[in-house]
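Printed here is input.txt (compact mmCIF, C-alpha atoms):
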# COMPACT_ATOMS: atom_id res chain seq x y z
CA LYS N 1 -5.02 20.80 0.51
CA ALA N 2 -8.22 20.14 2.43
CA GLY N 3 -9.35 16.56 2.84
CA VAL N 4 -12.81 15.07 2.61
CA THR N 5 -15.14 16.86 5.02
CA GLN N 6 -18.22 15.23 6.47
CA THR N 7 -20.83 17.04 8.51
CA PRO N 8 -22.08 16.66 11.09
CA ARG N 9 -19.62 14.42 12.95
CA TYR N 10 -22.22 13.14 15.38
CA LEU N 11 -25.97 12.88 15.18
CA ILE N 12 -28.70 11.46 17.40
CA LYS N 13 -32.10 10.85 15.86
CA THR N 14 -35.32 9.16 16.90
CA ARG N 15 -36.85 6.17 15.13
CA GLY N 16 -39.09 7.25 12.27
CA GLN N 17 -37.28 10.52 11.64
CA GLN N 18 -35.20 11.28 8.59
CA VAL N 19 -31.62 12.49 8.39
CA THR N 20 -29.36 14.14 5.82
CA LEU N 21 -25.60 13.77 5.88
CA SER N 22 -23.22 15.93 3.90
CA CYS N 23 -19.88 15.27 2.24
CA SER N 24 -17.52 17.78 0.64
CA PRO N 25 -14.91 16.02 -1.50
CA ILE N 26 -11.33 16.99 -2.10
CA SER N 27 -11.16 19.85 -4.56
CA GLY N 28 -11.20 18.56 -8.13
CA HIS N 29 -12.52 15.11 -7.26
CA ARG N 30 -15.63 14.15 -9.22
CA SER N 31 -16.45 10.80 -7.62
CA VAL N 32 -18.10 10.46 -4.21
CA SER N 33 -18.96 7.13 -2.59
CA TRP N 34 -20.78 6.37 0.63
CA TYR N 35 -20.28 3.44 3.01
CA GLN N 36 -21.99 2.22 6.14
CA GLN N 37 -19.79 0.76 8.87
CA THR N 38 -21.26 -1.33 11.67
CA PRO N 39 -19.66 -3.85 14.06
CA GLY N 40 -21.84 -6.65 12.72
CA GLN N 41 -21.74 -6.03 8.96
CA GLY N 42 -18.43 -4.23 8.58
CA LEU N 43 -18.00 -1.78 5.71
CA GLN N 44 -20.81 -1.91 3.18
CA PHE N 45 -21.07 0.11 0.00
CA LEU N 46 -24.13 2.33 -0.29
CA PHE N 47 -23.74 4.22 -3.57
CA GLU N 48 -21.33 6.09 -5.80
CA TYR N 49 -21.85 9.33 -7.69
CA PHE N 50 -19.78 10.66 -10.55
CA SER N 51 -20.47 14.02 -12.18
CA GLU N 52 -23.93 14.19 -10.55
CA THR N 53 -24.95 10.72 -11.80
CA GLN N 54 -25.33 7.62 -9.66
CA ARG N 55 -22.82 5.19 -11.07
CA ASN N 56 -23.23 2.27 -8.66
CA LYS N 57 -25.64 1.28 -5.92
CA GLY N 58 -25.33 -1.22 -3.09
CA ASN N 59 -27.97 -3.51 -1.62
CA PHE N 60 -29.75 -1.12 0.69
CA PRO N 61 -33.47 -0.39 0.91
CA GLY N 62 -34.98 2.59 -0.86
CA ARG N 63 -35.00 4.53 2.41
CA PHE N 64 -31.36 5.27 1.64
CA SER N 65 -30.85 7.81 -1.11
CA GLY N 66 -28.24 10.24 -2.22
CA ARG N 67 -27.39 12.94 -4.67
CA GLN N 68 -24.44 14.91 -5.95
CA PHE N 69 -24.38 18.58 -6.81
CA SER N 70 -22.58 20.34 -9.63
CA ASN N 71 -19.72 21.28 -7.27
CA SER N 72 -19.30 17.53 -6.48
CA ARG N 73 -20.57 17.91 -2.93
CA SER N 74 -22.84 15.04 -2.00
CA GLU N 75 -25.62 14.35 0.44
CA MET N 76 -27.17 11.12 1.58
CA ASN N 77 -30.59 10.86 3.11
CA VAL N 78 -32.10 8.15 5.25
CA SER N 79 -35.84 8.29 5.77
CA THR N 80 -37.95 6.51 8.39
CA LEU N 81 -34.95 5.74 10.55
CA GLU N 82 -34.67 2.36 12.23
CA LEU N 83 -32.52 1.35 15.21
CA GLY N 84 -30.42 -0.75 12.85
CA ASP N 85 -29.40 2.35 10.90
CA SER N 86 -27.12 3.34 13.78
CA ALA N 87 -23.67 3.29 12.23
CA LEU N 88 -20.65 5.25 11.14
CA TYR N 89 -21.31 6.62 7.66
CA LEU N 90 -18.18 7.21 5.64
CA CYS N 91 -17.79 9.25 2.52
CA ALA N 92 -14.90 8.85 0.09
CA SER N 93 -13.89 10.96 -2.86
CA GLY N 94 -11.70 10.25 -5.86
CA TRP N 95 -10.86 11.33 -9.37
CA GLY N 96 -13.02 8.50 -10.67
CA GLY N 97 -10.53 7.30 -13.27
CA GLU N 98 -8.12 4.44 -13.76
CA ASN N 99 -5.52 3.59 -11.13
CA THR N 100 -6.76 6.16 -8.64
CA GLU N 101 -7.54 5.72 -4.98
CA ALA N 102 -10.37 6.82 -2.72
CA PHE N 103 -9.80 9.25 0.15
CA PHE N 104 -12.07 8.98 3.14
CA GLY N 105 -13.57 11.53 5.49
CA GLN N 106 -13.75 11.04 9.24
CA GLY N 107 -17.35 9.92 9.05
CA THR N 108 -20.66 10.81 10.62
CA ARG N 109 -21.64 8.77 13.66
CA LEU N 110 -25.43 8.32 13.54
CA THR N 111 -27.23 6.99 16.59
CA VAL N 112 -30.92 6.14 16.30
CA VAL N 113 -32.80 5.91 19.60
CA GLY L 1 -19.57 -11.89 -6.85
CA ASP L 2 -16.36 -10.14 -5.94
CA SER L 3 -15.22 -10.53 -2.33
CA VAL L 4 -12.31 -10.09 0.07
CA THR L 5 -11.40 -12.43 2.92
CA GLN L 6 -9.15 -11.36 5.76
CA MET L 7 -7.75 -13.26 8.69
CA GLU L 8 -9.67 -12.93 11.92
CA GLY L 9 -8.24 -10.76 14.65
CA PRO L 10 -7.19 -9.50 16.96
CA VAL L 11 -3.54 -9.93 16.17
CA THR L 12 -1.49 -9.29 19.29
CA LEU L 13 2.24 -8.62 18.98
CA SER L 14 5.11 -7.24 20.98
CA GLU L 15 6.89 -4.17 19.71
CA GLU L 16 9.49 -4.95 16.99
CA ALA L 17 7.80 -8.24 16.06
CA PHE L 18 7.12 -9.24 12.45
CA LEU L 19 3.59 -8.70 11.18
CA THR L 20 1.61 -10.60 8.57
CA ILE L 21 -2.09 -10.04 7.94
CA ASN L 22 -3.48 -12.39 5.31
CA CYS L 23 -5.85 -11.21 2.59
CA THR L 24 -7.27 -13.17 -0.32
CA TYR L 25 -9.74 -12.03 -2.93
CA THR L 26 -12.22 -13.28 -5.49
CA ALA L 27 -12.77 -11.18 -8.59
CA THR L 28 -13.76 -11.89 -12.16
CA GLY L 29 -11.54 -9.28 -13.79
CA TYR L 30 -8.30 -7.54 -12.90
CA PRO L 31 -8.94 -5.62 -9.71
CA SER L 32 -6.84 -3.02 -8.00
CA LEU L 33 -5.99 -3.93 -4.40
CA PHE L 34 -5.65 -1.70 -1.35
CA TRP L 35 -4.85 -1.73 2.33
CA TYR L 36 -6.55 0.88 4.49
CA VAL L 37 -5.96 1.58 8.18
CA GLN L 38 -8.46 2.93 10.70
CA TYR L 39 -7.42 4.45 14.00
CA PRO L 40 -9.98 4.76 16.82
CA GLY L 41 -12.65 7.35 16.10
CA GLU L 42 -11.28 8.08 12.64
CA GLY L 43 -12.10 7.37 9.02
CA LEU L 44 -10.00 5.18 6.75
CA GLN L 45 -6.53 6.12 5.58
CA LEU L 46 -4.98 4.58 2.52
CA LEU L 47 -1.88 2.64 3.52
CA LEU L 48 -0.78 1.20 0.19
CA LYS L 49 -2.09 -0.03 -3.15
CA ALA L 50 -1.23 -2.22 -6.13
CA THR L 51 -2.94 -2.03 -9.49
CA LYS L 52 -1.65 -5.08 -11.37
CA ALA L 53 -0.19 -8.53 -10.80
CA ASP L 54 3.28 -8.65 -9.18
CA ASP L 55 3.08 -4.98 -8.17
CA LYS L 56 4.39 -4.32 -4.66
CA GLY L 57 2.81 -1.52 -2.68
CA SER L 58 4.76 -0.04 0.21
CA ASN L 59 4.42 2.76 2.74
CA LYS L 60 5.69 3.48 6.28
CA GLY L 61 7.48 0.12 6.43
CA PHE L 62 4.39 -1.85 5.35
CA GLU L 63 4.47 -3.91 2.16
CA ALA L 64 2.05 -6.05 0.17
CA THR L 65 2.52 -7.85 -3.16
CA TYR L 66 -0.32 -8.47 -5.63
CA ARG L 67 -0.19 -12.23 -6.28
CA LYS L 68 -2.60 -13.19 -9.04
CA GLU L 69 -1.70 -16.90 -8.95
CA THR L 70 -2.75 -17.18 -5.31
CA THR L 71 -5.28 -14.29 -5.42
CA SER L 72 -3.60 -12.79 -2.36
CA PHE L 73 -2.41 -9.43 -1.10
CA HIS L 74 -0.91 -10.11 2.33
CA LEU L 75 0.22 -7.16 4.45
CA GLU L 76 3.66 -7.38 6.10
CA LYS L 77 5.86 -5.22 8.28
CA GLY L 78 9.24 -6.21 9.57
CA SER L 79 9.09 -4.44 12.94
CA VAL L 80 5.84 -3.14 14.37
CA GLN L 81 5.48 -0.23 16.76
CA VAL L 82 2.88 0.54 19.41
CA SER L 83 1.65 3.34 17.15
CA ASP L 84 0.70 0.74 14.49
CA SER L 85 -2.15 -0.47 16.69
CA ALA L 86 -5.28 0.01 14.58
CA VAL L 87 -7.74 -1.89 12.39
CA TYR L 88 -6.47 -2.86 8.94
CA PHE L 89 -8.79 -3.38 5.98
CA CYS L 90 -7.99 -5.11 2.72
CA ALA L 91 -10.08 -3.91 -0.22
CA LEU L 92 -10.47 -4.34 -3.94
CA ARG L 93 -11.76 -2.15 -6.72
CA ALA L 94 -13.19 -4.36 -9.38
CA SER L 95 -12.82 -2.20 -12.46
CA TYR L 96 -11.29 1.03 -13.62
CA ASN L 97 -14.55 2.92 -14.20
CA THR L 98 -15.68 2.93 -10.61
CA ASP L 99 -14.35 3.97 -7.22
CA LYS L 100 -16.52 1.37 -5.48
CA LEU L 101 -14.51 -0.62 -2.95
CA ILE L 102 -15.26 -4.07 -1.57
CA PHE L 103 -13.76 -4.50 1.88
CA GLY L 104 -12.71 -7.39 4.01
CA THR L 105 -13.96 -7.60 7.58
CA GLY L 106 -10.92 -5.87 9.02
CA THR L 107 -8.18 -7.15 11.32
CA ARG L 108 -7.46 -5.46 14.62
CA LEU L 109 -3.76 -5.20 15.46
CA GLN L 110 -2.66 -4.62 19.04
CA VAL L 111 1.02 -3.96 19.68
CA PHE L 112 2.33 -3.96 23.24
CA PRO L 113 5.60 -2.43 24.46

Can the structure from this file be put into structure tokens for me?
Amino acid sequence: KAGVTQTPRYLIKTRGQQVTLSCSPISGHRSVSWYQQTPGQGLQFLFEYFSETQRNKGNFPGRFSGRQFSNSRSEMNVSTLELGDSALYLCASGWGGENTEAFFGQGTRLTVV
Amino acid sequence: GDSVTQMEGPVTLSEEAFLTINCTYTATGYPSLFWYVQYPGEGLQLLLKATKADDKGSNKGFEATYRKETTSFHLEKGSVQVSDSAVYFCALRASYNTDKLIFGTGTRLQVFP
């Protein structure tokens, strides 16, 4: 059974540009969550989607957005990139119900120069 | 708000030593608790979980017991191996209708032969 797949694995962007990251969940999973991991702030929750609806949102500026498609695949977009957006972005998928766990992808390493 | 506090690292041990990584939490309801492990350059892997008070999660020789009276979920292993060297994250999920996780800051474990 395939795990959570994130593409691309590595990305280098310039300040002011925008970027789109992709996440394909485990087959059958309907919940997708995104996290930002940095050495200074640790793991911070960005947002969660369930059946194409945003169910929860973290404390990030509006430059960070996401969406989920009918096949549960999800994308997150960051516009007007800043140096501080350099991070490992992790996607997790789950069934979205009681007593279930989240399974993580390997992440996308974004570097903003 | 809900939060997780982990002991600062790094934790440095010799092979076959006993491991404890402390984790305490603050939550208003009845959270589920998790330990995740992250190896260099990788995403997060679920190590173990517990969904209600007094539950014991266990996997690969690691154990943690959900203690509601002390709001703790300490990770233990009786005999660590060099291959256990990684960063360990304690996390909680606050309610059943979300997959959103709140993480501790992570504890780096280094095991030497």

Given only C-alpha atoms, how would the per-residue table for chain L near chain N read, listing every residue at most 7 Å away with its closest atom pair and distance in Å to one decimal, sorted by chain and number, as JSON lines?
{"residue": "L:Glu42", "atom": "CA", "partner": "N:Gln106", "partner_atom": "CA", "distance": 5.1}
{"residue": "L:Gly43", "atom": "CA", "partner": "N:Gln106", "partner_atom": "CA", "distance": 4.0}
{"residue": "L:Leu44", "atom": "CA", "partner": "N:Phe104", "partner_atom": "CA", "distance": 5.6}
{"residue": "L:Gln45", "atom": "CA", "partner": "N:Phe104", "partner_atom": "CA", "distance": 6.7}
{"residue": "L:Thr51", "atom": "CA", "partner": "N:Asn99", "partner_atom": "CA", "distance": 6.4}
{"residue": "L:Tyr96", "atom": "CA", "partner": "N:Glu98", "partner_atom": "CA", "distance": 4.7}
{"residue": "L:Asn97", "atom": "CA", "partner": "N:Gly97", "partner_atom": "CA", "distance": 6.0}
{"residue": "L:Thr98", "atom": "CA", "partner": "N:Gly96", "partner_atom": "CA", "distance": 6.2}
{"residue": "L:Asp99", "atom": "CA", "partner": "N:Gly96", "partner_atom": "CA", "distance": 5.8}
{"residue": "L:Lys100", "atom": "CA", "partner": "N:Glu48", "partner_atom": "CA", "distance": 6.7}
{"residue": "L:Phe103", "atom": "CA", "partner": "N:Leu43", "partner_atom": "CA", "distance": 6.3}
{"residue": "L:Thr105", "atom": "CA", "partner": "N:Gly42", "partner_atom": "CA", "distance": 5.7}

* To do: Work out how far apart atom CA of Ala86 of chain L and atom CA of Leu11 of chain N are and give it in Å to one decimal.
  => 24.4 Å

* For atom CA of Thr53 of chain N and atom CA of Lys13 of chain N, determine how far apart the two atoms are, in Å to one decimal place. =>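 Rounded to one decimal, the two atoms are 28.6 Å apart.
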
* What gap, in Å, lies between atom CA of Ile26 of chain N and atom CA of Tyr39 of chain L? ->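 Separation between atom CA of Ile26 of chain N and atom CA of Tyr39 of chain L: 20.8 Å.
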
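Remark: for Leu48 of chain L, the closest of the candidate residues L:Ser79, L:Gly29, L:Lys60, L:Phe34 is L:Phe34 (distances computed over all atoms listed in the file).
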
Select, counting all atoms listed in the file, all protein, DNA and RNA residues no farther than 7 Å from (-14.2, -13.8, -6.1) in file coordinates, and express the selection as a PDB file with C-alpha atoms, in the coordinates of the input.
ATOM      1  CA  GLY L   1     -19.570 -11.890  -6.850  1.00  0.00           C
ATOM      2  CA  ASP L   2     -16.360 -10.140  -5.940  1.00  0.00           C
ATOM      3  CA  SER L   3     -15.220 -10.530  -2.330  1.00  0.00           C
ATOM      4  CA  TYR L  25      -9.740 -12.030  -2.930  1.00  0.00           C
ATOM      5  CA  THR L  26     -12.220 -13.280  -5.490  1.00  0.00           C
ATOM      6  CA  ALA L  27     -12.770 -11.180  -8.590  1.00  0.00           C
ATOM      7  CA  THR L  28     -13.760 -11.890 -12.160  1.00  0.00           C
TER       8      THR L  28
END

* To do: Kindly indicate which residue among N:Thr38, N:Thr7, N:Ser86, N:Gln68 lies nearest to Ser22 of chain N, using all atoms listed in the file for the distances.
  => N:Thr7

* **Among listed residues N:Ser79, N:Arg63, N:Asn71, N:Val112, nearest Cys23 of chain N (using all atoms listed in the file)** =>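 Nearest to Cys23 of chain N: N:Asn71.
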
Shell of 8 Å around Ala87 of chain N, only C-alpha atoms, local chain residues under 3 positions omitted, as an mmCIF file with C-alpha atoms, in the frame of the given file:
data_model
loop_
_atom_site.group_PDB
_atom_site.id
_atom_site.type_symbol
_atom_site.label_atom_id
_atom_site.label_comp_id
_atom_site.auth_asym_id
_atom_site.auth_seq_id
_atom_site.Cartn_x
_atom_site.Cartn_y
_atom_site.Cartn_z
ATOM 1 C CA GLN N 36 -21.990 2.220 6.140
ATOM 2 C CA GLN N 37 -19.790 0.760 8.870
ATOM 3 C CA THR N 38 -21.260 -1.330 11.670
ATOM 4 C CA GLY N 84 -30.420 -0.750 12.850
ATOM 5 C CA ARG N 109 -21.640 8.770 13.660
ATOM 6 C CA LEU N 110 -25.430 8.320 13.540
ATOM 7 C CA THR N 111 -27.230 6.990 16.590
#

Would you fill out segment 20-32 of chain N with N, CA and C atoms and return it as a PDB file, keeping the file's coordinate frame?
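Listing of result_32.pdb after writing:
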ATOM      1  N   THR N  20     -30.174  13.828   7.002  1.00  0.00           N
ATOM      2  CA  THR N  20     -29.360  14.140   5.820  1.00  0.00           C
ATOM      3  C   THR N  20     -27.924  14.360   6.251  1.00  0.00           C
ATOM      4  N   LEU N  21     -27.021  13.653   5.602  1.00  0.00           N
ATOM      5  CA  LEU N  21     -25.600  13.770   5.880  1.00  0.00           C
ATOM      6  C   LEU N  21     -24.924  14.416   4.683  1.00  0.00           C
ATOM      7  N   SER N  22     -23.875  15.181   4.957  1.00  0.00           N
ATOM      8  CA  SER N  22     -23.220  15.930   3.900  1.00  0.00           C
ATOM      9  C   SER N  22     -21.759  15.531   3.751  1.00  0.00           C
ATOM     10  N   CYS N  23     -21.271  15.603   2.526  1.00  0.00           N
ATOM     11  CA  CYS N  23     -19.880  15.270   2.240  1.00  0.00           C
ATOM     12  C   CYS N  23     -19.318  16.256   1.226  1.00  0.00           C
ATOM     13  N   SER N  24     -18.222  16.906   1.578  1.00  0.00           N
ATOM     14  CA  SER N  24     -17.520  17.780   0.640  1.00  0.00           C
ATOM     15  C   SER N  24     -16.233  17.099   0.227  1.00  0.00           C
ATOM     16  N   PRO N  25     -16.095  16.765  -1.055  1.00  0.00           N
ATOM     17  CA  PRO N  25     -14.910  16.020  -1.500  1.00  0.00           C
ATOM     18  C   PRO N  25     -13.685  16.907  -1.597  1.00  0.00           C
ATOM     19  N   ILE N  26     -12.557  16.261  -1.825  1.00  0.00           N
ATOM     20  CA  ILE N  26     -11.330  16.990  -2.100  1.00  0.00           C
ATOM     21  C   ILE N  26     -11.511  17.779  -3.394  1.00  0.00           C
ATOM     22  N   SER N  27     -10.992  18.984  -3.407  1.00  0.00           N
ATOM     23  CA  SER N  27     -11.160  19.850  -4.560  1.00  0.00           C
ATOM     24  C   SER N  27     -10.673  19.161  -5.840  1.00  0.00           C
ATOM     25  N   GLY N  28     -11.551  19.172  -6.858  1.00  0.00           N
ATOM     26  CA  GLY N  28     -11.200  18.560  -8.130  1.00  0.00           C
ATOM     27  C   GLY N  28     -11.709  17.135  -8.285  1.00  0.00           C
ATOM     28  N   HIS N  29     -11.997  16.478  -7.176  1.00  0.00           N
ATOM     29  CA  HIS N  29     -12.520  15.110  -7.260  1.00  0.00           C
ATOM     30  C   HIS N  29     -13.961  15.135  -7.762  1.00  0.00           C
ATOM     31  N   ARG N  30     -14.289  14.188  -8.647  1.00  0.00           N
ATOM     32  CA  ARG N  30     -15.630  14.150  -9.220  1.00  0.00           C
ATOM     33  C   ARG N  30     -16.444  12.941  -8.756  1.00  0.00           C
ATOM     34  N   SER N  31     -15.772  12.019  -8.083  1.00  0.00           N
ATOM     35  CA  SER N  31     -16.450  10.800  -7.620  1.00  0.00           C
ATOM     36  C   SER N  31     -16.625  10.867  -6.110  1.00  0.00           C
ATOM     37  N   VAL N  32     -17.828  10.549  -5.653  1.00  0.00           N
ATOM     38  CA  VAL N  32     -18.100  10.460  -4.210  1.00  0.00           C
ATOM     39  C   VAL N  32     -18.833   9.150  -3.955  1.00  0.00           C
TER      40      VAL N  32
END
